Each structure stands twice: as structure tokens, then as C-alpha cells.
file protein.txt (compact mmCIF, C-alpha atoms)
# COMPACT_ATOMS: atom_id res chain seq x y z
CA MET A 1 11.32 32.03 16.67
CA ALA A 2 11.59 28.94 18.89
CA GLN A 3 12.99 25.81 17.24
CA ALA A 4 9.72 23.94 17.77
CA ASP A 5 7.90 26.70 15.88
CA ILE A 6 10.47 26.57 13.09
CA LEU A 7 9.99 22.82 12.79
CA PHE A 8 6.20 23.09 12.79
CA SER A 9 6.32 25.78 10.11
CA TYR A 10 8.46 23.42 8.01
CA LEU A 11 5.98 20.58 8.52
CA LYS A 12 3.00 22.74 7.55
CA GLU A 13 4.78 23.91 4.41
CA ASN A 14 5.69 20.41 3.31
CA TYR A 15 2.82 18.20 4.51
CA GLN A 16 -0.94 18.26 4.41
CA GLU A 17 -3.08 17.45 7.43
CA ASN A 18 -3.33 13.70 8.00
CA GLU A 19 -0.40 13.03 5.67
CA PRO A 20 2.28 10.63 6.97
CA ILE A 21 5.49 12.35 8.02
CA PHE A 22 8.50 10.06 8.23
CA LEU A 23 11.23 11.16 10.60
CA ALA A 24 13.90 10.01 8.14
CA GLU A 25 12.72 12.49 5.49
CA ILE A 26 12.53 15.62 7.67
CA ALA A 27 15.28 18.02 6.61
CA VAL A 28 15.13 21.46 8.22
CA SER A 29 17.96 23.74 7.16
CA GLY A 30 20.42 24.26 10.00
CA MET A 31 18.65 21.83 12.36
CA LYS A 32 20.51 18.64 13.30
CA ASN A 33 18.69 15.32 13.50
CA VAL A 34 18.98 15.16 17.28
CA VAL A 35 17.39 18.61 17.53
CA VAL A 36 14.59 17.58 15.16
CA ARG A 37 13.77 14.63 17.42
CA GLN A 38 13.81 16.87 20.50
CA GLN A 39 11.46 19.38 18.90
CA LEU A 40 9.15 16.66 17.61
CA LYS A 41 8.79 15.51 21.20
CA LYS A 42 7.78 19.04 22.22
CA LEU A 43 5.22 19.24 19.42
CA LEU A 44 3.84 15.86 20.48
CA GLU A 45 3.55 16.94 24.09
CA GLY A 46 1.73 20.08 22.99
CA GLY A 47 -0.67 18.11 20.80
CA THR A 48 0.34 20.00 17.66
CA ILE A 49 1.30 16.76 15.93
CA LYS A 50 0.47 13.11 16.58
CA ARG A 51 2.53 9.95 16.36
CA PHE A 52 1.21 7.03 14.34
CA ASP A 53 4.14 4.75 15.09
CA THR A 54 7.85 4.99 15.79
CA GLY A 55 9.27 7.50 13.33
CA ILE A 56 5.88 8.25 11.74
CA TYR A 57 3.99 11.43 12.59
CA TYR A 58 1.17 13.57 11.20
CA ILE A 59 -0.58 16.88 11.65
CA PRO A 60 -4.12 15.94 12.75
CA LYS A 61 -7.00 17.35 10.77
CA LYS A 62 -9.12 19.50 13.02
CA THR A 63 -12.66 18.34 13.80
CA PHE A 64 -15.25 18.99 16.48
CA PHE A 65 -13.24 16.60 18.63
CA LYS A 66 -10.21 18.03 20.38
CA SER A 67 -7.93 15.17 19.30
CA GLY A 68 -8.73 15.62 15.60
CA THR A 69 -8.93 12.76 13.13
CA ALA A 70 -6.58 9.81 13.18
CA LEU A 71 -4.13 9.00 10.40
CA SER A 72 -5.28 6.19 8.10
CA VAL A 73 -3.06 3.11 7.97
CA ASP A 74 -3.85 2.97 4.23
CA GLU A 75 -2.10 6.32 3.75
CA VAL A 76 0.92 5.13 5.74
CA ILE A 77 1.19 1.91 3.74
CA LYS A 78 0.79 3.78 0.47
CA LYS A 79 3.63 6.17 1.25
CA LYS A 80 5.88 3.60 2.91
CA TYR A 81 5.52 0.77 0.41
CA LEU A 82 3.43 1.59 -2.66
CA VAL A 83 4.83 4.83 -4.04
CA ASP A 84 8.28 6.34 -4.40
CA GLY A 85 7.70 10.02 -4.92
CA GLU A 86 5.11 10.02 -7.68
CA ASN A 87 6.05 6.60 -9.07
CA SER A 88 4.49 3.22 -8.29
CA CYS A 89 6.79 0.81 -6.48
CA GLY A 90 4.35 -1.66 -4.92
CA TYR A 91 0.77 -2.86 -4.64
CA LEU A 92 -1.73 -4.43 -2.27
CA SER A 93 -2.22 -8.18 -2.58
CA GLY A 94 -3.84 -11.15 -0.88
CA ILE A 95 -7.28 -11.18 0.70
CA LEU A 96 -7.36 -7.39 1.04
CA PHE A 97 -7.14 -6.88 -2.73
CA ALA A 98 -9.61 -9.70 -3.36
CA ASN A 99 -12.01 -8.03 -0.92
CA LYS A 100 -11.71 -4.72 -2.77
CA LEU A 101 -12.69 -6.53 -5.98
CA GLY A 102 -15.66 -8.15 -4.28
CA LEU A 103 -14.30 -11.69 -4.59
CA THR A 104 -14.55 -12.33 -0.86
CA THR A 105 -16.38 -10.90 2.11
CA GLN A 106 -13.47 -11.72 4.41
CA VAL A 107 -12.10 -8.68 6.19
CA PRO A 108 -8.38 -9.40 6.55
CA MET A 109 -6.66 -8.89 9.87
CA VAL A 110 -3.41 -8.29 8.01
CA TYR A 111 -2.30 -6.06 5.16
CA GLU A 112 -0.30 -7.81 2.44
CA VAL A 113 1.88 -5.77 0.11
CA CYS A 114 4.50 -6.42 -2.54
CA SER A 115 7.05 -3.64 -2.79
CA ASN A 116 10.39 -2.76 -4.32
CA LYS A 117 11.17 -1.30 -0.90
CA ALA A 118 11.11 -4.75 0.70
CA THR A 119 14.55 -5.61 2.05
CA THR A 120 13.84 -9.35 2.37
CA GLU A 121 11.72 -11.88 0.48
CA TYR A 122 9.21 -11.92 3.34
CA ARG A 123 8.74 -9.73 6.38
CA ASP A 124 6.00 -9.79 8.99
CA THR A 125 5.92 -6.40 10.71
CA GLN A 126 3.69 -3.91 12.52
CA LEU A 127 2.53 -0.43 11.60
CA GLY A 128 0.74 1.12 14.52
CA ASN A 129 -1.74 -1.53 15.65
CA PHE A 130 -1.82 -3.22 12.25
CA ARG A 131 0.02 -6.31 11.07
CA VAL A 132 1.65 -5.92 7.67
CA ILE A 133 3.26 -8.64 5.55
CA VAL A 134 5.75 -7.24 3.05
CA ARG A 135 7.07 -9.31 0.14
CA LYS A 136 9.42 -8.66 -2.73
CA PRO A 137 7.60 -8.73 -6.07
CA TYR A 138 8.53 -11.27 -8.73
CA VAL A 139 9.43 -8.36 -11.01
CA GLU A 140 10.42 -4.80 -10.06
CA VAL A 141 7.26 -2.72 -9.94
CA ASN A 142 6.79 0.44 -11.99
CA ASP A 143 3.94 2.56 -13.34
CA GLN A 144 3.73 0.45 -16.48
CA ASN A 145 3.44 -3.00 -14.89
CA VAL A 146 1.89 -2.43 -11.46
CA VAL A 147 -1.67 -3.28 -12.53
CA ALA A 148 -0.56 -6.40 -14.41
CA LEU A 149 1.54 -7.72 -11.52
CA GLN A 150 -1.21 -7.07 -8.99
CA PHE A 151 -3.67 -8.97 -11.17
CA LEU A 152 -1.28 -11.90 -11.66
CA ASP A 153 -0.74 -12.14 -7.91
CA LEU A 154 -4.50 -12.39 -7.57
CA MET A 155 -4.69 -15.12 -10.21
CA ARG A 156 -1.96 -17.06 -8.42
CA ASP A 157 -4.14 -17.34 -5.32
CA VAL A 158 -7.68 -16.75 -6.61
CA ILE A 159 -8.92 -20.33 -6.25
CA ASP A 160 -7.88 -20.37 -2.59
CA ILE A 161 -9.20 -16.97 -1.53
CA SER A 162 -12.25 -16.24 -3.70
CA GLU A 163 -15.72 -17.02 -2.36
CA LEU A 164 -17.13 -16.68 -5.87
CA GLU A 165 -17.07 -19.53 -8.35
CA GLY A 166 -17.94 -20.37 -11.91
CA ALA A 167 -19.65 -17.82 -14.14
CA VAL A 168 -19.99 -15.26 -11.33
CA LEU A 169 -16.26 -15.29 -10.63
CA LYS A 170 -15.41 -15.15 -14.32
CA GLU A 171 -17.75 -12.20 -14.89
CA ARG A 172 -16.23 -10.30 -11.99
CA ILE A 173 -12.67 -10.93 -13.20
CA LEU A 174 -13.48 -10.04 -16.81
CA ARG A 175 -15.13 -6.83 -15.66
CA TYR A 176 -11.92 -5.89 -13.84
CA LEU A 177 -9.78 -6.75 -16.87
CA LYS A 178 -11.95 -4.54 -19.04
CA ALA A 179 -11.90 -1.66 -16.56
CA LYS A 180 -8.09 -1.80 -16.37
CA GLU A 181 -7.70 -2.45 -20.11
CA LEU A 182 -5.61 -5.55 -19.38
CA GLN A 183 -5.01 -7.95 -22.25
CA PHE A 184 -3.29 -11.32 -22.27
CA ASP A 185 -0.40 -9.82 -24.25
CA THR A 186 0.14 -7.37 -21.38
CA LEU A 187 0.31 -10.20 -18.86
CA LYS A 188 2.26 -12.72 -20.93
CA PRO A 189 5.80 -11.30 -20.38
CA PHE A 190 5.45 -11.76 -16.61
CA LEU A 191 3.89 -15.23 -16.51
CA LYS A 192 7.27 -16.97 -16.55
CA TYR A 193 8.06 -15.52 -13.13
CA TYR A 194 4.99 -17.07 -11.51
CA PRO A 195 4.35 -20.62 -10.25
CA ASP A 196 2.86 -23.00 -12.85
CA ARG A 197 -0.46 -23.09 -11.01
CA ILE A 198 -1.25 -19.63 -12.33
CA TYR A 199 -2.03 -21.16 -15.76
CA LYS A 200 -4.41 -23.66 -14.18
CA ASN A 201 -6.12 -20.96 -12.14
CA MET A 202 -6.53 -18.64 -15.11
CA TYR A 203 -7.91 -21.50 -17.19
CA GLU A 204 -10.39 -22.51 -14.49
CA VAL A 205 -11.54 -18.92 -14.09
CA GLY A 206 -11.83 -18.58 -17.87
CA VAL A 207 -9.40 -15.76 -18.51
CA LEU A 208 -6.32 -17.55 -19.79
CA SER A 209 -6.34 -15.50 -22.97
CA GLY A 210 -7.61 -12.32 -21.35
CA VAL A 211 -11.11 -12.89 -22.73
CA ALA A 212 -13.80 -15.44 -21.99
CA THR A 213 -12.72 -18.96 -22.94

call {"tool": "encode", "arguments": {"input": "protein.txt", "output": "C-alpha cells"}}
result
Amino acid sequence: MAQADILFSYLKENYQENEPIFLAEIAVSGMKNVVVRQQLKKLLEGGTIKRFDTGIYYIPKKTFFKSGTALSVDEVIKKKYLVDGENSCGYLSGILFANKLGLTTQVPMVYEVCSNKATTEYRDTQLGNFRVIVRKPYVEVNDQNVVALQFLDLMRDVIDISELEGAVLKERILRYLKAKELQFDTLKPFLKYYPDRIYKNMYEVGVLSGVAT
């Protein structure tokens, strides 16, 4: 069997269609890294796999179109910054997260993430054609605190980025708290890591104690 076929068999066994494949994690028994890169190039040229960005590939899901479907940047960001195996290690923040909660109609031109995988306090980078800002979280992220930290990041900036105000904003935030079963006691241990304005913002929104004030 040709080496390119061996590599593709490995990829099919270990990755789903339209799942990000990072060059750094490919480990084919008996195949050196330089050979892996050479065979990836052959698979690319043959259209068997696609490249999302430098060092990031995927097996395109077949459709009626010859090129297949494109890999979602959300999936790349999730794997690169938000999960470590099956464990949470980061979260989306900024306007993107506020948009998902319906607090703003702004469609951000940049993805903002906080991640344990960040190597610096702040990094402005590119993934494919997308701009991504990566920050270190105030506290190391894990499965137990990821929802709380993501919410507190929102509260830190909510007055600046939310288009909703007053009772409408409070209702939307309280609905999210209820859905995520977040209580003030859950948030309290992390408040000391945040700027003082977070107390003011939470008071103005009406959720300082985790319930309507």
C-alpha cells in the first residue's frame, strides 16, 4: 500500500468528515514527520483532504458539489482553544457570546476566546480567513467553572456591549442564569479576580445576588 493510502486510512480511522486535523497530532506508526507532510501534500493535490490553514486539515464531507463542504471555523476554534480531549479548557467571550445570548445584534468580525492554551495574556491571530483574539482566563478553566467564568466575563463588559437595557436586559440575563443553574454562591469565589466594575455592572443589571434585586 502506498504511503499516501496508509496515511489516509489512518485519518479516516481517527477523524470524522469535517473534523479538524492538526498536523502536530498526526502519529502514524513507522512514518516520520517529514514523510507525513509529504503525503499530506499528495492527498491535498488529489483533493482527498482539504487544508483549512497552515497545519490544519480535514476530510471534506461529500455533497452534490465536487469540492464538498467547508470546515467550520467554530469547530477549529473549539478543538484548538476550548477543549483539551474531552475536558473544557476555554470559552467564547466578547460580542460573539453576547450575540449568542441575544444581547446584541452585532455580528462580530472577530472571534474572542479565553483559553488555558493561550501562551500570552493577549494574542491577535488568524485562523483561515478569520481574526481570533486569544486571552488567558483570570482563572484556569475546567468543566466545573467554565460556565461561571464565561458569565462573569460577560458581566464585566455587558454595559458596553449589550443593546438591551433595563428590565429587558435583566430578564434575558436571569433566564440564562436559570437555564445554566448559576447561583451567586457559584460565582462568588471568582469575583475577586475580576475588575471592580463587575460589581457595578451586576448591580445595574439586577443580578448581583444571582436573583432579581

call {"tool": "closest_residue", "arguments": {"input": "protein.txt", "among": "A:Leu154, A:Met202, A:Val83, A:Leu164", "to": "A:Val141", "atoms": "all atoms listed in the file"}}
result
A:Val83

call {"tool": "residues_around", "arguments": {"input": "protein.txt", "residues": "A:Asp143", "least_positions_apart": "5", "cutoff": "12 Å", "atoms": "all atoms listed in the file", "output": "ChimeraX atom specification"}}
result
/A:82-91,148-150

call {"tool": "closest_residue", "arguments": {"input": "protein.txt", "among": "A:Ala24, A:Met155, A:Ala4, A:Ile77", "to": "A:Ile49", "atoms": "only C-alpha atoms"}}
result
A:Ala4

call {"tool": "atom_distance", "arguments": {"input": "protein.txt", "atom1": "atom CA of A:Asp185", "atom2": "atom CA of A:Lys78"}}
result
28.2 Å

call {"tool": "closest_atom_pairs", "arguments": {"input": "protein.txt", "of": "stretch 65-136 of chain A", "to": "stretch 167-173 of chain A", "cutoff": "9 Å", "atoms": "all atoms listed in the file", "output": "Markdown table"}}
result
| residue | atom | partner | partner_atom | distance |
| --- | --- | --- | --- | --- |
| A:Leu101 | CA | A:Arg172 | CA | 7.9 |
| A:Gly102 | CA | A:Arg172 | CA | 8.0 |
| A:Leu103 | CA | A:Leu169 | CA | 7.3 |

call {"tool": "atom_distance", "arguments": {"input": "protein.txt", "atom1": "atom CA of A:Lys62", "atom2": "atom CA of A:Lys50"}}
result
12.1 Å

call {"tool": "residues_around", "arguments": {"input": "protein.txt", "residues": "A:Arg51", "least_positions_apart": "5", "cutoff": "10 Å", "atoms": "all atoms listed in the file", "output": "PyMOL selection string"}}
result
chain A and resi 20-21+40-41+44+56-60+70-71+128

call {"tool": "write_last_selection", "arguments": {"input": "protein.txt", "atoms": "C-alpha atoms", "output": "PDB file, in the frame of the given file"}}
result
ATOM      1  CA  PRO A  20       2.280  10.630   6.970  1.00  0.00           C
ATOM      2  CA  ILE A  21       5.490  12.350   8.020  1.00  0.00           C
ATOM      3  CA  LEU A  40       9.150  16.660  17.610  1.00  0.00           C
ATOM      4  CA  LYS A  41       8.790  15.510  21.200  1.00  0.00           C
ATOM      5  CA  LEU A  44       3.840  15.860  20.480  1.00  0.00           C
ATOM      6  CA  ILE A  56       5.880   8.250  11.740  1.00  0.00           C
ATOM      7  CA  TYR A  57       3.990  11.430  12.590  1.00  0.00           C
ATOM      8  CA  TYR A  58       1.170  13.570  11.200  1.00  0.00           C
ATOM      9  CA  ILE A  59      -0.580  16.880  11.650  1.00  0.00           C
ATOM     10  CA  PRO A  60      -4.120  15.940  12.750  1.00  0.00           C
ATOM     11  CA  ALA A  70      -6.580   9.810  13.180  1.00  0.00           C
ATOM     12  CA  LEU A  71      -4.130   9.000  10.400  1.00  0.00           C
ATOM     13  CA  GLY A 128       0.740   1.120  14.520  1.00  0.00           C
TER      14      GLY A 128
END

call {"tool": "axis_aligned_box", "arguments": {"input": "protein.txt", "around": "stretch 191-198 of chain A", "padding_each_side": "6 Å", "output": "JSON"}}
result
{"center_x": 3.4, "center_y": -19.2, "center_z": -13.4, "size_x": 21.3, "size_y": 19.9, "size_z": 18.3}

call {"tool": "atom_distance", "arguments": {"input": "protein.txt", "atom1": "atom CA of A:Phe97", "atom2": "atom CA of A:Pro189"}}
result
22.3 Å

call {"tool": "closest_residue", "arguments": {"input": "protein.txt", "among": "A:Ser162, A:Thr69, A:Thr54, A:Ser115", "to": "A:Phe22", "atoms": "all atoms listed in the file"}}
result
A:Thr54

call {"tool": "closest_residue", "arguments": {"input": "protein.txt", "among": "A:Leu187, A:Val28, A:Leu127, A:Ile95", "to": "A:Glu112", "atoms": "only C-alpha atoms"}}
result
A:Ile95

call {"tool": "residues_around", "arguments": {"input": "protein.txt", "residues": "A:Met109", "least_positions_apart": "2", "cutoff": "12 Å", "atoms": "all atoms listed in the file", "output": "PyMOL selection string"}}
result
chain A and resi 94-96+106-107+111-112+126+129-133

call {"tool": "closest_residue", "arguments": {"input": "protein.txt", "among": "A:Ala179, A:Val147, A:Leu7, A:Val139", "to": "A:Tyr193", "atoms": "all atoms listed in the file"}}
result
A:Val139

call {"tool": "residues_around", "arguments": {"input": "protein.txt", "residues": "A:Thr119", "least_positions_apart": "6", "cutoff": "10 Å", "atoms": "only C-alpha atoms", "output": "list in words"}}
result
Val134, Arg135 and Lys136 of chain A

call {"tool": "write_last_selection", "arguments": {"input": "protein.txt", "atoms": "C-alpha atoms", "output": "mmCIF file, keeping the file's coordinate frame"}}
result
data_model
loop_
_atom_site.group_PDB
_atom_site.id
_atom_site.type_symbol
_atom_site.label_atom_id
_atom_site.label_comp_id
_atom_site.auth_asym_id
_atom_site.auth_seq_id
_atom_site.Cartn_x
_atom_site.Cartn_y
_atom_site.Cartn_z
ATOM 1 C CA VAL A 134 5.750 -7.240 3.050
ATOM 2 C CA ARG A 135 7.070 -9.310 0.140
ATOM 3 C CA LYS A 136 9.420 -8.660 -2.730
#

call {"tool": "residues_around", "arguments": {"input": "protein.txt", "residues": "A:Phe151", "least_positions_apart": "5", "cutoff": "12 Å", "atoms": "all atoms listed in the file", "output": "number ranges by chain"}}
result
A: 91-94, 97-98, 101, 145-146, 156-158, 173-174, 176-177, 180-184, 186-187, 190-191, 194, 198, 202, 207, 210

call {"tool": "closest_residue", "arguments": {"input": "protein.txt", "among": "A:Lys188, A:Lys12, A:Leu23, A:Ile159", "to": "A:Lys200", "atoms": "only C-alpha atoms"}}
result
A:Ile159
